[in-house]
Amino acid sequence: MRSFIALLLCGFAPALFAAPPASIEASYDVITKSVKIATITEKFTRTGNHYRIENVTKPVGLLALFKPDTLYVVSEGDITTQGLRPQNFVYKRSQDTLKNTEANFDWDQSTVMLNDRYGQRVESISAGLQDRLSVAYQFRYVSSLRERKEVIMHITNGSKIDKRQYIIHPKQMVTVPLGTLETLYLSTPPEEGTAWKTEIWLSVENGNFPCQITVTEDNGDKLTQVLTALSITQ
């Protein structure tokens, strides 16, 4: 399965906000075929120019019975005028530990150390590289996002670095359990021979924070992550 939140912006403009909030707490449901299969809790905290994001995904219902595998993901790093600059990223499963990964960023050398089941390796990186958690908070730093036609994104999940092209569509009103929100709608262009695509709805009133994400797999199956609760402390 491709990364559920596989986003990373490159080429950031100066920040639209002087600093992100002191904390953000969000909850999501993960749904497939109209059935909730997991819950996600995520907390962002800022201490001065340092940030930490903690994300926990727990299966529910039949998935919890047959595959009780809890996912823990953490991102830590610094906050600059261009947004979040991750230093460490950790992806851990409680049972399927072969899928565990880690990324350690060396910005002085413009490299990242990736660590997965195949061992460690170093790759060169550009200035905008994010991990799969920090990237969600970068949208608040992109100037004139609603006027753009597309953005190019890169992200590491600790095992590899992906590049994503997202087409930006006119604003849409989207209803999620949290309420009806004005959003910017982003989607990946079609790929020949596959049904795969990613769609993202960003809540404008909440600093372009993702309120819904849908990933369509190669076989046409869909996973949708919907925002159920959000608390922002300035």
# chains A, B, ... in the order shown; residues from 1 in each chain; ligands from 1
call {"tool": "select_by_dssp", "arguments": {"residues": "region 17-224 of chain A", "states": "strand (DSSP E)", "output": "JSON, numbers by chain"}}
result
{"A": [23, 24, 25, 26, 27, 28, 29, 30, 31, 32, 35, 36, 37, 38, 39, 40, 41, 42, 43, 44, 45, 46, 47, 50, 51, 52, 53, 54, 55, 56, 57, 58, 59, 71, 72, 73, 74, 75, 76, 77, 78, 79, 80, 83, 84, 85, 86, 87, 88, 89, 90, 91, 92, 93, 101, 102, 103, 104, 105, 106, 111, 112, 113, 114, 115, 116, 119, 120, 121, 122, 123, 124, 130, 131, 150, 151, 152, 153, 154, 155, 156, 161, 162, 163, 164, 165, 166, 167, 168, 169, 170, 171, 172, 173, 174, 175, 176, 179, 180, 181, 182, 183, 184, 185, 186, 187, 197, 198, 199, 200, 201, 202, 203, 209, 210, 211, 212, 213, 214, 215, 216, 222, 223, 224]}
call {"tool": "select_by_dssp", "arguments": {"residues": "region 26-131 of chain A", "states": "helix (DSSP H, G or I)", "output": "PyMOL selection string"}}
result
chain A and resi 61-66+97-99
call {"tool": "write_last_selection", "arguments": {"atoms": "C-alpha atoms", "output": "mmCIF file, in the first residue's frame"}}
result
data_model
loop_
_atom_site.group_PDB
_atom_site.id
_atom_site.type_symbol
_atom_site.label_atom_id
_atom_site.label_comp_id
_atom_site.auth_asym_id
_atom_site.auth_seq_id
_atom_site.Cartn_x
_atom_site.Cartn_y
_atom_site.Cartn_z
ATOM 1 C CA GLY A 61 -13.819 -3.892 14.402
ATOM 2 C CA LEU A 62 -12.896 -7.005 12.444
ATOM 3 C CA LEU A 63 -9.516 -5.576 11.488
ATOM 4 C CA ALA A 64 -8.615 -5.286 15.186
ATOM 5 C CA LEU A 65 -9.671 -8.900 15.657
ATOM 6 C CA PHE A 66 -7.711 -10.384 12.769
ATOM 7 C CA THR A 97 8.001 -5.034 12.577
ATOM 8 C CA LEU A 98 9.597 -5.849 9.218
ATOM 9 C CA LYS A 99 7.821 -2.743 7.926
#
call {"tool": "atom_distance", "arguments": {"atom1": "CA of Thr216 (chain A)", "atom2": "CA of Lys197 (chain A)"}}
result
5.3 Å
call {"tool": "atom_distance", "arguments": {"atom1": "CA of Ser203 (chain A)", "atom2": "CA of Val90 (chain A)"}}
result
26.7 Å
call {"tool": "residues_around", "arguments": {"residues": "Asp116 (chain A)", "least_positions_apart": "6", "cutoff": "7 Å", "atoms": "only C-alpha atoms", "output": "list in words"}}
result
Asn100, Thr101, Glu102, Gly158 and Ser159 of chain A
call {"tool": "closest_residue", "arguments": {"among": "A:Ser34, A:Gln82, A:Thr45, A:Thr57", "to": "Thr233 (chain A)", "atoms": "only C-alpha atoms"}}
result
A:Thr45
call {"tool": "atom_distance", "arguments": {"atom1": "CA of Glu205 (chain A)", "atom2": "CA of Gln87 (chain A)"}}
result
28.7 Å
call {"tool": "closest_atom_pairs", "arguments": {"of": "region 142-217 of chain A", "to": "region 121-130 of chain A", "cutoff": "8 Å", "atoms": "only C-alpha atoms", "output": "JSON lines"}}
result
{"residue": "A:His154", "atom": "CA", "partner": "A:Leu129", "partner_atom": "CA", "distance": 6.1}
{"residue": "A:Ile155", "atom": "CA", "partner": "A:Gln130", "partner_atom": "CA", "distance": 5.2}
{"residue": "A:Thr156", "atom": "CA", "partner": "A:Gln130", "partner_atom": "CA", "distance": 6.5}
call {"tool": "closest_residue", "arguments": {"among": "A:Pro59, A:Gly119, A:Gly220, A:Pro189", "to": "Thr41 (chain A)", "atoms": "only C-alpha atoms"}}
result
A:Pro59
call {"tool": "residues_around", "arguments": {"residues": "Trp196 (chain A)", "least_positions_apart": "4", "cutoff": "10 Å", "atoms": "only C-alpha atoms", "output": "MDAnalysis selection string"}}
result
chainID A and resid 2 188:192 215:222
call {"tool": "closest_residue", "arguments": {"among": "A:Asp96, A:Glu182, A:Asp106, A:Asp78", "to": "Gly48 (chain A)", "atoms": "only C-alpha atoms"}}
result
A:Asp78
call {"tool": "closest_residue", "arguments": {"among": "A:Ser187, A:Gln165, A:Asn55, A:Ser27", "to": "Arg93 (chain A)", "atoms": "only C-alpha atoms"}}
result
A:Asn55
call {"tool": "residues_around", "arguments": {"residues": "Ala26 (chain A)", "least_positions_apart": "6", "cutoff": "8 Å", "atoms": "only C-alpha atoms", "output": "list in words"}}
result
Thr41, Glu42, Lys43, Leu227, Thr228, Ala229, Leu230 and Ser231 of chain A
call {"tool": "write_last_selection", "arguments": {"atoms": "N, CA and C atoms", "output": "PDB file, in the first residue's frame"}}
result
ATOM      1  N   THR A  41      -5.116   9.153  15.871  1.00  0.00           N
ATOM      2  CA  THR A  41      -4.965  10.327  16.719  1.00  0.00           C
ATOM      3  C   THR A  41      -3.599  10.938  16.445  1.00  0.00           C
ATOM      4  N   GLU A  42      -3.571  12.249  16.307  1.00  0.00           N
ATOM      5  CA  GLU A  42      -2.327  12.933  15.965  1.00  0.00           C
ATOM      6  C   GLU A  42      -2.184  14.193  16.804  1.00  0.00           C
ATOM      7  N   LYS A  43      -0.982  14.436  17.305  1.00  0.00           N
ATOM      8  CA  LYS A  43      -0.722  15.633  18.098  1.00  0.00           C
ATOM      9  C   LYS A  43       0.552  16.318  17.620  1.00  0.00           C
ATOM     10  N   LEU A 227     -11.575  13.685   8.929  1.00  0.00           N
ATOM     11  CA  LEU A 227     -11.348  14.379  10.184  1.00  0.00           C
ATOM     12  C   LEU A 227     -12.606  14.329  11.053  1.00  0.00           C
ATOM     13  N   THR A 228     -12.449  13.888  12.287  1.00  0.00           N
ATOM     14  CA  THR A 228     -13.580  13.805  13.211  1.00  0.00           C
ATOM     15  C   THR A 228     -13.489  14.813  14.352  1.00  0.00           C
ATOM     16  N   ALA A 229     -12.290  15.275  14.676  1.00  0.00           N
ATOM     17  CA  ALA A 229     -12.113  16.265  15.734  1.00  0.00           C
ATOM     18  C   ALA A 229     -10.830  17.036  15.484  1.00  0.00           C
ATOM     19  N   LEU A 230     -10.827  18.331  15.849  1.00  0.00           N
ATOM     20  CA  LEU A 230      -9.654  19.179  15.641  1.00  0.00           C
ATOM     21  C   LEU A 230      -9.619  20.248  16.706  1.00  0.00           C
ATOM     22  N   SER A 231      -8.470  20.375  17.381  1.00  0.00           N
ATOM     23  CA  SER A 231      -8.264  21.402  18.400  1.00  0.00           C
ATOM     24  C   SER A 231      -6.952  22.112  18.113  1.00  0.00           C
TER      25      SER A 231
END
call {"tool": "residues_around", "arguments": {"residues": "Leu186 (chain A)", "least_positions_apart": "2", "cutoff": "10 Å", "atoms": "only C-alpha atoms", "output": "MDAnalysis selection string"}}
result
chainID A and resid 149:151 165:171 183:184 188:189 198:202 213
call {"tool": "closest_residue", "arguments": {"among": "A:Gln234, A:Gln225, A:Gln138, A:Thr80", "to": "Ala22 (chain A)", "atoms": "only C-alpha atoms"}}
result
A:Gln234
call {"tool": "closest_residue", "arguments": {"among": "A:Val56, A:Ser110, A:Pro21, A:Val35", "to": "Ile79 (chain A)", "atoms": "only C-alpha atoms"}}
result
A:Pro21
